[in-house]
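Read the structure below first, then the notes.
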Amino acid sequence: MSADTTPRPGRFITLEGGEGAGKSTQARLLAERLRSLGHECVVTREPGGSPVAEALREVILSGVAAPLGPSAETVLFTAARIVHMAQTIMPALARGAFVVCDRFTDSTRVYQGALGKVDPKLIEAMEEIAVRDRGPDLTLMLDLPAKTGLARAAARRADGAVDRFEAEGLAYHEGLRSAFLAIARAEPGRCRVVDAAQGPEEVAASIWAAVEDRLGPIAQKAATS
């Protein structure tokens, strides 16, 4: 009897948290581990993840759109997300790949919603338009004190340049941390909080434990036949 070649459904993992939490590093390490087990893994980010969305990323993070207000930023993020979903995320999931994304809808809920005071109904409507019923299977909330995260973010910048959100003050970033943790408490089935104050290897181990706990056998070695 021939082997079943029908792709297993893909799995969608997002990493969230404040500035300097190590999301990009941990996304890379998680992808490397999944690939070592024989899985296809697409690493992407928001805003961005496709040519059009990357162009919108430059507009958003440069601060050019900031004078338009958080509601306008929400619309720009949504436009980028629509393209990202259509061109990168959904095709990868359809062929059975893992998708590991550095930031997703929770960042919009926090930055524009909780901190920007955008009407929750607008946030929900924009999320419905962009994501519909294909949200993350697992969200990893990388948590650490805001002061530590800002120091890490500053250390990684060779040219000293800061983006639109990194330039905000400490109180703002403490608010971000609180808002991310509130989402994790509200959605424990989807979210796992990871102590990002640990070293990179320890954080990666905590993340893998969360992946195995949430996704179970699918995170194990891919079938070879």
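Going by the structure tokens order, chains are called A, B, ..., each with residues numbered from 1, while ligands are numbered from 1 in the order shown.
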Can you list, as a list in words, every protein, DNA or RNA residue that comes within 9 Å of Tyr111 (chain A) when you count only C-alpha atoms, leaving out same-chain residues fewer than 3 positions away?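 My reading of the contact set: Pro70, Asp106, Ser107, Thr108, Ala114, Leu115, Gly116, Lys117, Phe165, Leu176 and Ala179 of chain A.
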Pick the closest to Arg28 (chain A) from A:Lys147, A:Leu15, A:Val43, A:Leu61: which is it, counting only C-alpha atoms? A:Val43
Near Glu46 (chain A), within 7 Å and counting only C-alpha atoms, which residues show up once chain neighbours fewer than 3 positions away are dropped, as number ranges by chain? A: 49, 102-104
Tell me, as a PyMOL selection string, which residues lie within 9 Å of region 136-145 of chain A, counting only C-alpha atoms; anything in the same chain fewer than 4 positions away does not count. chain A and resi 11-18+20-23+104+106+149-150+173-174+177+180-181+184+189-198+203+207+210-211+214-215
Can I get the selected residues back with N, CA and C atoms, as a short mmCIF file (atom, residue, chain, number, x, y, z; two decimals), in the first residue's frame?
data_model
loop_
_atom_site.label_atom_id
_atom_site.label_comp_id
_atom_site.auth_asym_id
_atom_site.auth_seq_id
_atom_site.Cartn_x
_atom_site.Cartn_y
_atom_site.Cartn_z
N ARG A 11 1.24 24.15 11.43
CA ARG A 11 1.05 24.71 12.75
C ARG A 11 1.64 26.11 12.80
N PHE A 12 0.92 27.01 13.45
CA PHE A 12 1.24 28.43 13.46
C PHE A 12 1.63 28.84 14.88
N ILE A 13 2.89 29.27 15.05
CA ILE A 13 3.42 29.67 16.35
C ILE A 13 3.85 31.13 16.28
N THR A 14 3.41 31.91 17.24
CA THR A 14 3.83 33.32 17.29
C THR A 14 4.62 33.58 18.57
N LEU A 15 5.54 34.54 18.48
CA LEU A 15 6.31 34.99 19.63
C LEU A 15 5.98 36.45 19.87
N GLU A 16 5.64 36.75 21.11
CA GLU A 16 5.27 38.12 21.48
C GLU A 16 6.07 38.57 22.69
N GLY A 17 6.03 39.87 22.94
CA GLY A 17 6.72 40.42 24.10
C GLY A 17 7.25 41.81 23.80
N GLY A 18 7.80 42.43 24.81
CA GLY A 18 8.30 43.78 24.68
C GLY A 18 9.62 43.86 23.93
N GLY A 20 13.43 43.96 23.10
CA GLY A 20 14.59 43.31 23.68
C GLY A 20 14.34 41.97 24.33
N ALA A 21 13.16 41.40 24.12
CA ALA A 21 12.83 40.12 24.75
C ALA A 21 13.49 38.92 24.09
N GLY A 22 14.06 39.12 22.91
CA GLY A 22 14.74 38.03 22.23
C GLY A 22 13.89 37.24 21.27
N LYS A 23 12.82 37.84 20.77
CA LYS A 23 11.89 37.12 19.91
C LYS A 23 12.56 36.63 18.63
N PHE A 104 2.49 39.21 16.08
CA PHE A 104 1.27 39.01 15.28
C PHE A 104 0.16 39.85 15.91
N ASP A 106 -1.45 39.91 18.68
CA ASP A 106 -1.36 40.37 20.06
C ASP A 106 -0.59 41.68 20.18
N GLY A 149 14.72 44.82 29.07
CA GLY A 149 14.48 44.72 27.64
C GLY A 149 15.00 45.92 26.88
N LEU A 150 14.80 47.11 27.41
CA LEU A 150 15.28 48.31 26.73
C LEU A 150 16.81 48.34 26.69
N HIS A 173 6.78 51.13 28.22
CA HIS A 173 7.20 49.74 28.04
C HIS A 173 6.75 48.86 29.21
N GLU A 174 6.66 49.42 30.39
CA GLU A 174 6.09 48.67 31.51
C GLU A 174 4.61 48.38 31.25
N ARG A 177 4.38 45.42 28.88
CA ARG A 177 4.57 44.15 29.57
C ARG A 177 3.29 43.72 30.27
N PHE A 180 0.66 42.48 27.68
CA PHE A 180 0.94 41.14 27.15
C PHE A 180 0.58 40.06 28.17
N LEU A 181 0.95 40.29 29.43
CA LEU A 181 0.65 39.30 30.47
C LEU A 181 -0.85 39.17 30.69
N ALA A 184 -2.13 36.83 28.11
CA ALA A 184 -1.76 35.44 28.45
C ALA A 184 -2.69 34.88 29.52
N GLY A 189 -5.20 28.79 27.07
CA GLY A 189 -5.14 27.66 26.15
C GLY A 189 -4.21 27.89 24.98
N ARG A 190 -4.10 29.14 24.56
CA ARG A 190 -3.25 29.49 23.42
C ARG A 190 -1.88 29.98 23.85
N CYS A 191 -1.80 30.69 24.96
CA CYS A 191 -0.59 31.41 25.34
C CYS A 191 0.22 30.68 26.40
N ARG A 192 1.53 30.79 26.28
CA ARG A 192 2.45 30.31 27.31
C ARG A 192 3.43 31.44 27.62
N VAL A 193 3.58 31.75 28.89
CA VAL A 193 4.53 32.79 29.31
C VAL A 193 5.89 32.14 29.53
N VAL A 194 6.92 32.72 28.95
CA VAL A 194 8.29 32.21 29.05
C VAL A 194 9.15 33.28 29.71
N ASP A 195 9.93 32.91 30.70
CA ASP A 195 10.83 33.84 31.38
C ASP A 195 12.00 34.17 30.46
N ALA A 196 11.95 35.35 29.84
CA ALA A 196 12.97 35.75 28.88
C ALA A 196 14.19 36.37 29.53
N ALA A 197 14.20 36.46 30.87
CA ALA A 197 15.38 36.95 31.57
C ALA A 197 16.46 35.89 31.66
N GLN A 198 16.12 34.64 31.34
CA GLN A 198 17.11 33.56 31.32
C GLN A 198 18.06 33.75 30.12
N VAL A 203 15.99 29.84 27.64
CA VAL A 203 14.72 30.29 27.04
C VAL A 203 14.28 29.32 25.95
N ILE A 207 10.83 27.20 25.72
CA ILE A 207 9.96 27.29 24.55
C ILE A 207 9.66 25.91 23.99
N ALA A 210 7.11 24.16 25.97
CA ALA A 210 5.77 24.68 25.70
C ALA A 210 5.23 24.17 24.37
N VAL A 211 6.10 24.06 23.37
CA VAL A 211 5.69 23.55 22.06
C VAL A 211 5.23 22.10 22.19
N ARG A 214 1.85 21.91 24.08
CA ARG A 214 0.69 22.40 23.35
C ARG A 214 0.42 21.61 22.07
N LEU A 215 1.46 21.28 21.32
CA LEU A 215 1.27 20.68 20.00
C LEU A 215 1.49 19.17 19.99
#
As an NGL selection string, list the residues of region 10-176 of chain A assigned to strand (DSSP E or B) by DSSP on the backbone atoms of this structure. :A and (11-17 or 41-45 or 98-102 or 138-143)
